[in-house]
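Next up, data-v1.cif (mmCIF, C-alpha atoms):
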```
data_work
loop_
_atom_site.label_atom_id
_atom_site.label_comp_id
_atom_site.auth_asym_id
_atom_site.auth_seq_id
_atom_site.Cartn_x
_atom_site.Cartn_y
_atom_site.Cartn_z
CA MET A 22 -20.59 11.61 5.27
CA ALA A 23 -20.52 15.18 6.57
CA VAL A 24 -20.32 18.17 4.25
CA ILE A 25 -16.66 18.82 5.11
CA GLU A 26 -15.66 15.28 4.10
CA GLN A 27 -17.68 15.60 0.89
CA ILE A 28 -15.86 18.80 0.02
CA ALA A 29 -12.48 17.23 0.84
CA SER A 30 -13.31 14.23 -1.33
CA ALA A 31 -14.24 16.49 -4.26
CA VAL A 32 -11.08 18.59 -3.82
CA MET A 33 -8.87 15.49 -3.79
CA LYS A 34 -10.56 14.04 -6.87
CA ARG A 35 -9.91 17.29 -8.70
CA ALA A 36 -6.30 17.49 -7.48
CA VAL A 37 -5.35 13.96 -8.47
CA LYS A 38 -6.99 14.42 -11.87
CA LYS A 39 -4.96 17.59 -12.38
CA TYR A 40 -1.58 16.44 -11.09
CA LEU A 41 -1.42 12.65 -11.52
CA ARG A 42 -0.97 12.75 -15.27
CA LEU A 43 2.12 10.78 -16.13
CA VAL A 44 3.38 11.25 -19.68
CA PRO A 45 5.91 9.26 -21.73
CA SER A 46 9.39 10.40 -20.83
CA THR A 47 13.03 9.60 -21.47
CA VAL A 48 14.17 11.00 -18.12
CA SER A 49 15.90 8.82 -15.57
CA LEU A 50 16.56 9.09 -11.86
CA PRO A 51 19.10 11.82 -11.11
CA PRO A 52 22.24 10.82 -9.21
CA ALA A 53 21.82 11.19 -5.46
CA SER A 54 23.51 14.37 -4.30
CA ASP A 55 23.30 13.64 -0.57
CA GLU A 56 23.57 10.82 1.93
CA ILE A 57 19.96 11.02 3.11
CA PRO A 58 18.58 7.49 3.63
CA ARG A 59 15.44 6.90 1.62
CA LEU A 60 13.03 4.00 1.37
CA LEU A 61 13.46 1.35 -1.30
CA TYR A 62 10.19 -0.06 -2.65
CA ILE A 63 10.43 -3.39 -4.51
CA HIS A 64 7.49 -4.63 -6.58
CA ILE A 65 6.79 -8.33 -7.21
CA PRO A 66 3.98 -8.49 -9.82
CA PHE A 67 2.94 -12.14 -9.66
CA CYS A 68 -0.09 -13.92 -8.16
CA LEU A 69 -1.33 -17.50 -8.46
CA THR A 70 -4.87 -16.18 -8.93
CA LEU A 71 -6.12 -12.63 -9.43
CA CYS A 72 -8.56 -11.09 -6.92
CA PRO A 73 -11.34 -9.16 -8.72
CA TYR A 74 -11.14 -6.02 -6.53
CA CYS A 75 -7.35 -5.66 -6.56
CA SER A 76 -6.10 -2.73 -8.61
CA PHE A 77 -2.37 -3.28 -8.11
CA HIS A 78 0.01 -4.23 -10.90
CA LYS A 79 0.12 -8.00 -11.22
CA PHE A 80 0.25 -10.92 -13.66
CA ARG A 81 -0.70 -14.55 -13.29
CA PHE A 82 2.31 -16.48 -11.95
CA ASP A 83 4.68 -18.04 -14.48
CA GLU A 84 7.65 -19.57 -12.67
CA PRO A 85 10.36 -19.15 -15.36
CA SER A 86 9.35 -15.52 -15.85
CA ALA A 87 9.30 -14.90 -12.10
CA LYS A 88 12.76 -16.39 -11.57
CA ARG A 89 14.18 -14.29 -14.40
CA TYR A 90 12.39 -11.25 -12.99
CA PHE A 91 14.21 -11.56 -9.66
CA GLU A 92 17.55 -11.64 -11.51
CA LEU A 93 16.61 -8.42 -13.29
CA LEU A 94 15.52 -6.85 -10.00
CA HIS A 95 19.00 -7.45 -8.64
CA ASP A 96 20.55 -5.75 -11.66
CA GLU A 97 18.23 -2.75 -11.26
CA MET A 98 19.09 -2.52 -7.56
CA ARG A 99 22.79 -2.37 -8.42
CA MET A 100 22.10 0.45 -10.93
CA VAL A 101 20.32 2.47 -8.25
CA HIS A 102 23.21 1.87 -5.85
CA ALA A 103 25.65 3.08 -8.51
CA LEU A 104 23.70 6.38 -8.68
CA GLY A 105 24.57 6.97 -5.03
CA TYR A 106 21.18 6.28 -3.42
CA ARG A 107 21.21 5.02 0.15
CA PHE A 108 18.38 3.18 1.89
CA ASP A 109 17.74 2.13 5.45
CA SER A 110 14.29 0.59 4.89
CA ILE A 111 12.78 -1.74 2.30
CA TYR A 112 9.12 -2.35 1.51
CA PHE A 113 8.18 -5.33 -0.69
CA GLY A 114 4.78 -4.98 -2.36
CA GLY A 115 2.87 -6.93 -4.94
CA GLY A 116 1.34 -9.01 -6.30
CA THR A 117 2.37 -11.77 -3.95
CA THR A 118 5.81 -10.89 -2.68
CA THR A 119 6.40 -14.31 -1.10
CA ILE A 120 5.49 -16.29 -4.21
CA LEU A 121 9.15 -17.45 -4.57
CA PRO A 122 10.39 -17.24 -0.97
CA HIS A 123 13.98 -18.29 -1.67
CA GLU A 124 14.30 -15.59 -4.35
CA LEU A 125 12.83 -13.09 -1.91
CA GLY A 126 15.45 -14.04 0.66
CA ASN A 127 18.25 -13.64 -1.89
CA THR A 128 16.91 -10.18 -2.78
CA ILE A 129 16.93 -9.14 0.88
CA ASP A 130 20.49 -10.43 1.24
CA LEU A 131 21.65 -8.41 -1.78
CA ALA A 132 19.97 -5.24 -0.49
CA LYS A 133 21.65 -5.63 2.88
CA SER A 134 25.02 -6.10 1.20
CA LEU A 135 24.59 -2.86 -0.77
CA PHE A 136 22.80 -0.63 1.76
CA SER A 137 22.58 -0.10 5.52
CA ILE A 138 19.16 -1.70 5.88
CA ARG A 139 17.54 -1.50 9.33
CA GLU A 140 13.99 -2.57 8.54
CA VAL A 141 12.46 -4.92 6.01
CA SER A 142 8.68 -4.89 5.51
CA CYS A 143 6.97 -7.46 3.34
CA GLU A 144 3.41 -8.23 2.33
CA SER A 145 2.15 -11.80 2.26
CA ASP A 146 -1.05 -13.81 2.16
CA PRO A 147 -2.27 -16.67 4.37
CA SER A 148 -1.37 -19.42 1.89
CA HIS A 149 2.36 -18.63 1.83
CA LEU A 150 3.09 -18.33 5.54
CA ASN A 151 4.54 -21.84 5.87
CA ASP A 152 6.92 -21.14 2.99
CA LEU A 153 8.63 -18.39 4.96
CA GLU A 154 10.14 -20.80 7.47
CA ASP A 155 11.36 -23.16 4.74
CA ALA A 156 13.15 -20.24 3.04
CA ASP A 157 14.78 -19.06 6.29
CA LEU A 158 12.97 -15.71 6.15
CA TYR A 159 12.10 -15.54 9.84
CA GLY A 160 15.26 -13.59 10.64
CA LYS A 161 15.14 -11.40 7.53
CA ILE A 162 11.69 -9.77 7.68
CA ASP A 163 11.00 -7.24 10.43
CA ARG A 164 7.38 -6.45 9.57
CA LEU A 165 5.15 -9.01 7.88
CA SER A 166 1.84 -7.64 6.64
CA ILE A 167 -0.74 -10.38 6.01
CA GLY A 168 -3.71 -9.64 3.80
CA ILE A 169 -6.70 -11.21 5.54
CA GLN A 170 -9.31 -8.59 4.49
CA SER A 171 -12.10 -10.31 6.44
CA PHE A 172 -12.72 -13.20 8.82
CA ASN A 173 -16.33 -13.38 7.60
CA ASP A 174 -16.81 -16.37 5.29
CA ARG A 175 -19.64 -14.70 3.36
CA HIS A 176 -17.48 -11.71 2.50
CA LEU A 177 -14.50 -13.94 1.68
CA GLN A 178 -16.65 -15.88 -0.77
CA LYS A 179 -17.96 -12.71 -2.38
CA ILE A 180 -14.50 -11.22 -3.02
CA GLY A 181 -13.07 -14.53 -4.25
CA ARG A 182 -10.76 -15.29 -1.32
CA TYR A 183 -12.55 -18.18 0.41
CA LYS A 184 -11.57 -20.81 -2.15
CA LYS A 185 -8.14 -19.26 -2.53
CA PHE A 186 -7.14 -18.93 1.13
CA GLY A 187 -9.70 -20.85 3.19
CA SER A 188 -12.32 -19.90 5.74
CA GLY A 189 -12.01 -17.14 8.31
CA ASP A 190 -11.29 -19.74 11.00
CA GLU A 191 -8.56 -21.34 8.88
CA GLN A 192 -6.92 -17.97 8.24
CA TYR A 193 -7.15 -17.11 11.94
CA ALA A 194 -5.24 -20.30 12.77
CA LYS A 195 -2.56 -19.61 10.16
CA VAL A 196 -1.96 -16.08 11.42
CA SER A 197 -2.00 -17.14 15.05
CA ALA A 198 0.74 -19.70 14.32
CA VAL A 199 3.21 -17.06 13.07
CA LEU A 200 2.54 -14.21 15.51
CA GLY A 201 5.70 -14.89 17.50
CA ASP A 202 7.94 -15.54 14.50
CA PHE A 203 8.43 -11.95 13.35
CA PRO A 204 9.09 -8.75 15.32
CA ILE A 205 5.94 -7.17 13.88
CA VAL A 206 2.97 -8.92 12.27
CA ASN A 207 0.37 -6.64 10.70
CA ILE A 208 -3.10 -7.80 9.69
CA ASP A 209 -4.79 -6.02 6.76
CA MET A 210 -8.57 -5.73 7.06
CA ILE A 211 -11.16 -4.21 4.73
CA TYR A 212 -14.35 -2.57 5.95
CA ASN A 213 -17.42 -1.01 4.31
CA TYR A 214 -18.41 -3.96 2.14
CA PRO A 215 -21.70 -2.91 0.49
CA ASP A 216 -23.79 -5.43 2.44
CA GLN A 217 -21.72 -5.46 5.64
CA SER A 218 -23.77 -4.94 8.80
CA GLU A 219 -22.65 -3.27 12.01
CA GLU A 220 -22.96 -6.63 13.75
CA GLU A 221 -20.56 -8.19 11.23
CA LEU A 222 -18.10 -5.33 11.72
CA HIS A 223 -18.24 -5.80 15.50
CA ARG A 224 -17.63 -9.54 15.14
CA GLY A 225 -14.61 -8.85 12.94
CA ILE A 226 -13.20 -6.45 15.52
CA ASP A 227 -13.90 -9.01 18.26
CA THR A 228 -11.80 -11.50 16.29
CA ILE A 229 -8.95 -9.01 15.96
CA LEU A 230 -9.01 -8.19 19.68
CA ARG A 231 -8.93 -11.91 20.48
CA LEU A 232 -6.05 -12.56 18.07
CA ARG A 233 -4.07 -9.50 19.28
CA PRO A 234 -1.64 -9.02 16.37
CA PRO A 235 0.98 -6.30 17.02
CA GLN A 236 -0.50 -4.14 14.25
CA VAL A 237 -3.78 -3.89 12.35
CA THR A 238 -4.64 -1.83 9.29
CA PHE A 239 -8.29 -1.13 8.42
CA TYR A 240 -8.75 -0.05 4.80
CA PRO A 241 -12.05 1.19 3.40
CA LEU A 242 -13.11 -0.93 0.44
CA MET A 243 -12.08 0.94 -2.71
CA TYR A 244 -13.26 0.32 -6.25
CA ALA A 245 -10.63 1.34 -8.77
CA PRO A 246 -12.04 3.67 -11.48
CA GLY A 247 -11.85 1.10 -14.25
CA ILE A 248 -13.77 -1.61 -12.36
CA ARG A 249 -16.05 0.60 -10.23
CA GLU A 250 -19.12 0.21 -12.43
CA ASN A 251 -18.73 -3.55 -12.74
CA LEU A 252 -18.17 -4.12 -9.01
CA SER A 253 -21.02 -1.79 -8.10
CA LYS A 254 -23.34 -3.97 -10.18
CA ARG A 255 -21.96 -7.23 -8.77
CA TRP A 256 -21.47 -6.30 -5.11
CA GLY A 257 -23.42 -3.08 -4.63
CA ALA A 258 -22.48 0.60 -4.48
CA LEU A 259 -20.17 1.87 -1.74
CA SER A 260 -21.74 4.07 0.94
CA ASN A 261 -19.86 7.13 2.18
CA THR A 262 -22.29 7.46 5.11
CA LYS A 263 -21.65 3.88 6.19
CA ASP A 264 -17.91 4.45 5.75
CA ALA A 265 -18.07 7.26 8.34
CA ASP A 266 -20.27 5.25 10.73
CA PHE A 267 -18.05 2.17 10.50
CA TYR A 268 -14.91 4.28 10.92
CA ARG A 269 -16.32 5.63 14.20
CA ILE A 270 -17.03 2.09 15.43
CA ILE A 271 -13.52 0.93 14.52
CA THR A 272 -11.96 3.92 16.28
CA GLU A 273 -13.99 3.41 19.46
CA ARG A 274 -13.45 -0.35 19.65
CA MET A 275 -9.77 -0.45 18.70
CA SER A 276 -8.92 2.33 21.15
CA GLU A 277 -9.76 -0.05 23.99
CA VAL A 278 -6.54 -1.95 23.34
CA TYR A 279 -4.55 -0.36 20.51
CA THR A 280 -2.90 3.00 19.80
CA GLN A 281 -3.95 4.67 16.57
CA ARG A 282 -0.82 5.44 14.54
CA SER A 283 -2.38 6.69 11.31
CA SER A 284 -5.89 7.14 9.96
CA TRP A 285 -5.84 3.44 9.02
CA ALA A 286 -3.19 1.79 11.23
CA TRP A 287 -3.35 0.59 14.83
CA SER A 288 -0.52 -0.72 16.99
CA LEU A 289 -0.21 -2.42 20.37
CA SER A 290 2.87 -0.22 20.85
CA SER A 291 2.89 3.56 20.75
CA GLU A 292 6.17 3.52 18.85
CA GLY A 293 8.17 1.32 16.50
CA ILE A 294 7.62 0.58 12.83
CA ILE A 295 4.26 0.78 11.18
CA ASP A 296 5.86 1.36 7.76
CA GLU A 297 3.29 3.61 6.17
CA TYR A 298 6.18 4.68 3.98
CA VAL A 299 4.32 7.53 2.30
CA ILE A 300 4.05 9.09 5.76
CA GLU A 301 7.56 8.55 6.98
CA ARG A 302 9.50 9.23 3.77
CA SER A 303 9.20 12.30 1.61
CA GLU A 304 11.23 10.52 -1.07
CA TYR A 305 11.52 6.90 -2.15
CA VAL A 306 12.83 4.83 -5.05
CA GLY A 307 10.80 2.00 -6.55
CA ILE A 308 12.34 -0.86 -8.50
CA GLY A 309 10.60 -3.55 -10.50
CA SER A 310 7.93 -3.48 -13.18
CA GLY A 311 5.18 -0.99 -12.36
CA ALA A 312 7.07 0.59 -9.45
CA PHE A 313 6.96 4.35 -8.76
CA SER A 314 9.74 6.62 -7.49
CA PHE A 315 9.36 10.09 -6.04
CA ILE A 316 12.55 12.16 -6.00
CA GLY A 317 12.72 15.93 -5.75
CA ASP A 318 9.66 17.28 -7.54
CA THR A 319 9.15 14.36 -9.93
CA LEU A 320 7.17 11.13 -9.88
CA TYR A 321 8.70 8.41 -12.08
CA ALA A 322 7.01 5.21 -13.29
CA ASN A 323 8.70 2.03 -14.46
CA THR A 324 7.35 0.13 -17.44
CA PHE A 325 4.46 -2.22 -16.68
CA SER A 326 5.49 -4.68 -19.40
CA LEU A 327 7.82 -7.47 -18.30
CA PRO A 328 9.50 -7.91 -21.73
CA ALA A 329 10.07 -4.14 -21.91
CA TYR A 330 11.42 -4.23 -18.36
CA ALA A 331 13.84 -7.00 -19.29
CA ALA A 332 14.94 -5.16 -22.44
CA LYS A 333 15.68 -1.95 -20.52
CA ILE A 334 17.65 -3.71 -17.79
CA GLY A 335 19.49 -5.71 -20.46
CA LYS A 336 20.75 -2.41 -21.92
CA ASN A 337 21.86 -1.27 -18.44
CA GLU A 338 19.09 1.35 -18.37
CA LEU A 339 16.64 2.07 -15.59
CA PRO A 340 13.18 0.96 -16.80
CA ILE A 341 11.49 4.36 -16.37
CA THR A 342 9.05 5.16 -19.18
CA HIS A 343 6.75 7.87 -17.72
CA ALA A 344 7.05 10.84 -15.37
CA THR A 345 5.37 14.00 -14.15
CA THR A 346 6.67 17.03 -12.26
CA PHE A 347 4.72 18.82 -9.52
CA PRO A 348 4.75 22.51 -8.58
CA PRO A 349 6.23 23.33 -5.13
CA ARG A 350 2.92 24.16 -3.46
CA ALA A 351 1.30 20.92 -4.65
CA ILE A 352 4.19 18.97 -3.12
CA ARG A 353 3.76 20.80 0.18
CA GLN A 354 0.02 20.13 0.14
CA TYR A 355 0.66 16.45 -0.54
CA ARG A 356 3.18 16.25 2.30
CA MET A 357 0.72 18.01 4.60
CA MET A 358 -1.94 15.44 3.76
CA VAL A 359 0.25 12.42 4.39
CA GLU A 360 1.74 13.85 7.58
CA MET A 361 -1.72 14.50 8.99
CA PHE A 362 -2.95 11.14 7.68
CA GLY A 363 -0.18 9.86 9.95
CA LEU A 364 -1.76 11.88 12.80
CA GLN A 365 1.34 14.06 13.00
CA PRO A 366 1.47 17.86 13.16
CA SER A 367 2.28 19.12 9.68
CA LYS A 368 5.70 20.65 9.03
CA GLN A 369 4.52 22.43 5.88
CA HIS A 370 3.29 25.74 7.39
CA LEU A 371 0.48 26.19 4.87
CA TRP A 372 -1.48 28.93 6.63
CA ILE A 373 -4.71 28.76 4.62
CA GLU A 374 -5.04 24.98 4.81
CA SER A 375 -4.09 24.88 8.50
CA SER A 376 -6.60 27.59 9.36
CA LEU A 377 -9.42 25.80 7.52
CA LEU A 378 -8.69 22.56 9.39
CA LYS A 379 -8.86 24.37 12.73
CA ILE A 380 -12.03 26.26 11.82
CA CYS A 381 -13.70 23.02 10.74
CA GLY A 382 -12.74 21.29 13.99
CA MET A 383 -10.36 18.71 12.50
CA VAL A 384 -7.34 19.74 14.56
CA GLU A 385 -6.95 20.44 18.26
CA ASN A 386 -3.70 21.91 19.61
CA ASP A 387 -2.07 21.16 16.23
CA HIS A 388 -2.98 17.46 16.53
CA VAL A 389 -5.47 15.62 14.34
CA ASN A 390 -8.57 14.61 16.29
CA GLU A 391 -10.94 11.69 15.58
CA ARG A 392 -12.98 13.62 13.04
CA GLY A 393 -9.82 14.84 11.36
CA ALA A 394 -8.53 11.27 11.17
CA HIS A 395 -11.60 10.29 9.16
CA LEU A 396 -11.21 13.36 6.95
CA PHE A 397 -7.67 12.31 6.02
CA SER A 398 -8.85 8.73 5.53
CA VAL A 399 -11.26 10.07 2.90
CA MET A 400 -8.53 12.16 1.27
CA MET A 401 -6.05 9.29 1.18
CA ARG A 402 -8.72 7.04 -0.29
CA GLU A 403 -9.18 9.51 -3.15
CA PHE A 404 -5.41 9.76 -3.63
CA TYR A 405 -5.15 5.97 -3.91
CA ASN A 406 -8.05 5.99 -6.38
CA GLY A 407 -6.01 8.46 -8.42
CA MET A 408 -3.00 6.14 -8.34
CA ASP A 409 -5.30 3.28 -9.38
CA TYR A 410 -6.27 5.32 -12.43
CA VAL A 411 -2.58 5.84 -13.25
CA ARG A 412 -1.96 2.10 -13.04
CA GLU A 413 -5.00 1.35 -15.19
CA THR A 414 -3.78 3.83 -17.79
CA MET A 415 -0.31 2.29 -17.81
CA ARG A 416 -1.73 -1.24 -18.13
CA LYS A 417 -4.54 -0.63 -20.64
CA ASP A 418 -2.62 -1.81 -23.71
CA LEU A 419 -0.86 -4.77 -22.08
CA THR A 420 -1.37 -8.25 -23.51
CA LYS A 421 -0.84 -11.69 -22.04
CA GLU A 422 2.67 -11.67 -23.49
CA ASP A 423 3.53 -8.59 -21.40
CA GLY A 424 3.36 -10.83 -18.33
CA LEU A 425 6.03 -13.22 -19.59
CA ILE A 426 9.82 -12.96 -19.91
CA ARG A 427 11.26 -15.23 -22.58
#
```
Can the structure from this file be put into structure tokens for me?
Amino acid sequence: MAVIEQIASAVMKRAVKKYLRLVPSTVSLPPASDEIPRLLYIHIPFCLTLCPYCSFHKFRFDEPSAKRYFELLHDEMRMVHALGYRFDSIYFGGGTTTILPHELGNTIDLAKSLFSIREVSCESDPSHLNDLEDADLYGKIDRLSIGIQSFNDRHLQKIGRYKKFGSGDEQYAKVSAVLGDFPIVNIDMIYNYPDQSEEELHRGIDTILRLRPPQVTFYPLMYAPGIRENLSKRWGALSNTKDADFYRIITERMSEVYTQRSSWAWSLSSEGIIDEYVIERSEYVGIGSGAFSFIGDTLYANTFSLPAYAAKIGKNELPITHATTFPPRAIRQYRMMVEMFGLQPSKQHLWIESSLLKICGMVENDHVNERGAHLFSVMMREFYNGMDYVRETMRKDLTKEDGLIR
């Protein structure tokens, strides 16, 4: 990795350590004082099995708890509506968002009855694709993002997904079968496995170009702070140099067919939804256990304990337990980063930062070039590592009982 990227990585690590310090708080979301449509993020924290590298908030699936959880989600959504918030887009994240497909459909129906929803994005995995048709979700989800991560059986076995979801060929067939069933199907891929060769990366890209999904997202493999040492011993240390080399290969190969829409996302179309909501929305509201909201100058976090979540909703209170407030310049710097991660000219007019990007050759005619795209990939990776640390901190005292609602 070049010196500039190393400096950017160090700066981001320092920034997230300084600013992403959520503290216990009794604050709640303020009433909405405008009619600006925001994005509604909905978190479903259940998985049948837990992938070792995943740092997101999740619990092992318990059906009675999950069914009760969806009821509580609906109550929280009504509370947010009563505060005057308006949404035109929804993003379901997890966990496994499609783990109870009928409940997911009911949640979409409720959101559309309360808000003027234009787009619904939802994550899924290969094992739940058939359930979507049975639950009549084909007409309710506009963008389905399927976590494949790799079509290489060796890598799937290493990260614990082969037994869970099947071989690369089996997953290819499952995805291929649903490509025409949703307006947009996005495939999530991970690159920079410690022992991944260039030949393996090329074969993975060949598979993507043969499959031709409408959208593809390539994420660099990230070890969350709390599991970094363990995974480094088990799988090997991550290489920043290889990250840069592989990123260049992905950019060159994908550009033959796709349009790059962000540092990580590629689309067959040059417009339409990609739903990198941190790019497109300066503010959003998150509902569900472990969800985050960003309104004004404040980041809010919901409780990560399901019993505590149920208790708060039962008292007609939003389940926010932690928050932090950012200074104006830090917010503008954050917005500049995500806008340029989205390969868009920044609207923030930060003269020093803009000048440095031009001097370092990351921007040409106010547009992010290929080298700049990798720079912002590195910065976003460090930001997500910072959010992983926040989640780890919020989850560190949870017990098995915190994943159950009785």
- Message: Could you list, as a ChimeraX atom specification, every residue matched by the PyMOL selection byres ((chain A and resi 369-371) around 8) in this structure?
- Response: /A:353-354,356-357,367-368,372-375
Could you build a table of the residues in segment 306-405 of chain A lying no more than 10 Å from segment 85-91 of chain A, giving for each the nearest pair of atoms and their separation in Å rounded to one decimal place, using all atoms listed in the file, ordered by chain and ascending residue number, as CSV?
```
residue,atom,partner,partner_atom,distance
A:Gly309,CA,A:Tyr90,CA,8.3
A:Ser310,CA,A:Tyr90,CA,9.0
A:Leu327,CA,A:Tyr90,CA,8.0
A:Pro328,CA,A:Ser86,CA,9.6
A:Tyr330,CA,A:Tyr90,CA,8.9
A:Ala331,CA,A:Tyr90,CA,7.7
```
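The set of residues that the PyMOL selection byres ((chain A and resi 200) around 12) takes from this file is Leu150, Tyr159, Arg164, Leu165, Ser166, Ile167, Tyr193, Ala194, Lys195, Val196, Ser197, Ala198, Val199, Gly201, Asp202, Phe203, Pro204, Ile205, Val206, Asn207, Ile208, Leu232, Arg233, Pro234, Pro235 and Gln236 of chain A.
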Kindly export the residues of the current selection with C-alpha atoms, as an mmCIF file, keeping the file's coordinate frame.
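Ended up saving to out_31.cif:
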```
data_model
loop_
_atom_site.group_PDB
_atom_site.id
_atom_site.type_symbol
_atom_site.label_atom_id
_atom_site.label_comp_id
_atom_site.auth_asym_id
_atom_site.auth_seq_id
_atom_site.Cartn_x
_atom_site.Cartn_y
_atom_site.Cartn_z
ATOM 1 C CA LEU A 150 3.090 -18.330 5.540
ATOM 2 C CA TYR A 159 12.100 -15.540 9.840
ATOM 3 C CA ARG A 164 7.380 -6.450 9.570
ATOM 4 C CA LEU A 165 5.150 -9.010 7.880
ATOM 5 C CA SER A 166 1.840 -7.640 6.640
ATOM 6 C CA ILE A 167 -0.740 -10.380 6.010
ATOM 7 C CA TYR A 193 -7.150 -17.110 11.940
ATOM 8 C CA ALA A 194 -5.240 -20.300 12.770
ATOM 9 C CA LYS A 195 -2.560 -19.610 10.160
ATOM 10 C CA VAL A 196 -1.960 -16.080 11.420
ATOM 11 C CA SER A 197 -2.000 -17.140 15.050
ATOM 12 C CA ALA A 198 0.740 -19.700 14.320
ATOM 13 C CA VAL A 199 3.210 -17.060 13.070
ATOM 14 C CA GLY A 201 5.700 -14.890 17.500
ATOM 15 C CA ASP A 202 7.940 -15.540 14.500
ATOM 16 C CA PHE A 203 8.430 -11.950 13.350
ATOM 17 C CA PRO A 204 9.090 -8.750 15.320
ATOM 18 C CA ILE A 205 5.940 -7.170 13.880
ATOM 19 C CA VAL A 206 2.970 -8.920 12.270
ATOM 20 C CA ASN A 207 0.370 -6.640 10.700
ATOM 21 C CA ILE A 208 -3.100 -7.800 9.690
ATOM 22 C CA LEU A 232 -6.050 -12.560 18.070
ATOM 23 C CA ARG A 233 -4.070 -9.500 19.280
ATOM 24 C CA PRO A 234 -1.640 -9.020 16.370
ATOM 25 C CA PRO A 235 0.980 -6.300 17.020
ATOM 26 C CA GLN A 236 -0.500 -4.140 14.250
#
```
- Show which residues sit within 9 Å of Ser49 of chain A, as a PyMOL selection string. Count all atoms listed in the file, and ignore same-chain residues fewer than 6 positions away. chain A and resi 321+338-342
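Nearest residue to Met361 of chain A, choosing from A:Ala53, A:Ile162, A:Ile300, A:Met243 and counting all atoms listed in the file: A:Ile300.
Of the residues under consideration (A:Pro73, A:Tyr183, A:Asp266, A:Met408), A:Pro73 shows the shortest atom-to-atom contact distance to Arg249 of chain A when counting all atoms listed in the file.
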Could you pull segment 123-137 of chain A out of the block above and give me N, CA and C atoms, as a PDB file, in the first residue's frame?
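Generated file (selection_0.pdb):
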```
ATOM      1  N   HIS A 123     -42.267 -14.533   6.143  1.00  0.00           N
ATOM      2  CA  HIS A 123     -43.619 -13.983   6.261  1.00  0.00           C
ATOM      3  C   HIS A 123     -43.633 -12.759   7.190  1.00  0.00           C
ATOM      4  N   GLU A 124     -42.867 -12.826   8.281  1.00  0.00           N
ATOM      5  CA  GLU A 124     -42.773 -11.681   9.186  1.00  0.00           C
ATOM      6  C   GLU A 124     -42.081 -10.505   8.488  1.00  0.00           C
ATOM      7  N   LEU A 125     -41.095 -10.799   7.665  1.00  0.00           N
ATOM      8  CA  LEU A 125     -40.446  -9.742   6.895  1.00  0.00           C
ATOM      9  C   LEU A 125     -41.447  -9.071   5.973  1.00  0.00           C
ATOM     10  N   GLY A 126     -42.259  -9.861   5.290  1.00  0.00           N
ATOM     11  CA  GLY A 126     -43.276  -9.286   4.404  1.00  0.00           C
ATOM     12  C   GLY A 126     -44.261  -8.419   5.149  1.00  0.00           C
ATOM     13  N   ASN A 127     -44.697  -8.862   6.339  1.00  0.00           N
ATOM     14  CA  ASN A 127     -45.625  -8.059   7.141  1.00  0.00           C
ATOM     15  C   ASN A 127     -44.989  -6.741   7.565  1.00  0.00           C
ATOM     16  N   THR A 128     -43.684  -6.770   7.851  1.00  0.00           N
ATOM     17  CA  THR A 128     -42.976  -5.550   8.260  1.00  0.00           C
ATOM     18  C   THR A 128     -42.893  -4.564   7.101  1.00  0.00           C
ATOM     19  N   ILE A 129     -42.642  -5.069   5.899  1.00  0.00           N
ATOM     20  CA  ILE A 129     -42.635  -4.203   4.711  1.00  0.00           C
ATOM     21  C   ILE A 129     -44.009  -3.598   4.488  1.00  0.00           C
ATOM     22  N   ASP A 130     -45.046  -4.409   4.640  1.00  0.00           N
ATOM     23  CA  ASP A 130     -46.419  -3.910   4.453  1.00  0.00           C
ATOM     24  C   ASP A 130     -46.732  -2.786   5.436  1.00  0.00           C
ATOM     25  N   LEU A 131     -46.340  -2.963   6.701  1.00  0.00           N
ATOM     26  CA  LEU A 131     -46.603  -1.925   7.696  1.00  0.00           C
ATOM     27  C   LEU A 131     -45.858  -0.645   7.342  1.00  0.00           C
ATOM     28  N   ALA A 132     -44.590  -0.770   6.956  1.00  0.00           N
ATOM     29  CA  ALA A 132     -43.804   0.420   6.606  1.00  0.00           C
ATOM     30  C   ALA A 132     -44.442   1.167   5.441  1.00  0.00           C
ATOM     31  N   LYS A 133     -44.931   0.442   4.468  1.00  0.00           N
ATOM     32  CA  LYS A 133     -45.557   1.098   3.311  1.00  0.00           C
ATOM     33  C   LYS A 133     -46.889   1.738   3.672  1.00  0.00           C
ATOM     34  N   SER A 134     -47.541   1.224   4.701  1.00  0.00           N
ATOM     35  CA  SER A 134     -48.797   1.846   5.136  1.00  0.00           C
ATOM     36  C   SER A 134     -48.546   3.128   5.930  1.00  0.00           C
ATOM     37  N   LEU A 135     -47.370   3.242   6.553  1.00  0.00           N
ATOM     38  CA  LEU A 135     -47.049   4.419   7.365  1.00  0.00           C
ATOM     39  C   LEU A 135     -46.295   5.485   6.579  1.00  0.00           C
ATOM     40  N   PHE A 136     -45.457   5.061   5.624  1.00  0.00           N
ATOM     41  CA  PHE A 136     -44.553   5.985   4.937  1.00  0.00           C
ATOM     42  C   PHE A 136     -44.680   5.833   3.421  1.00  0.00           C
ATOM     43  N   SER A 137     -44.172   6.810   2.705  1.00  0.00           N
ATOM     44  CA  SER A 137     -44.201   6.777   1.232  1.00  0.00           C
ATOM     45  C   SER A 137     -42.937   6.073   0.735  1.00  0.00           C
TER      46      SER A 137
END
```
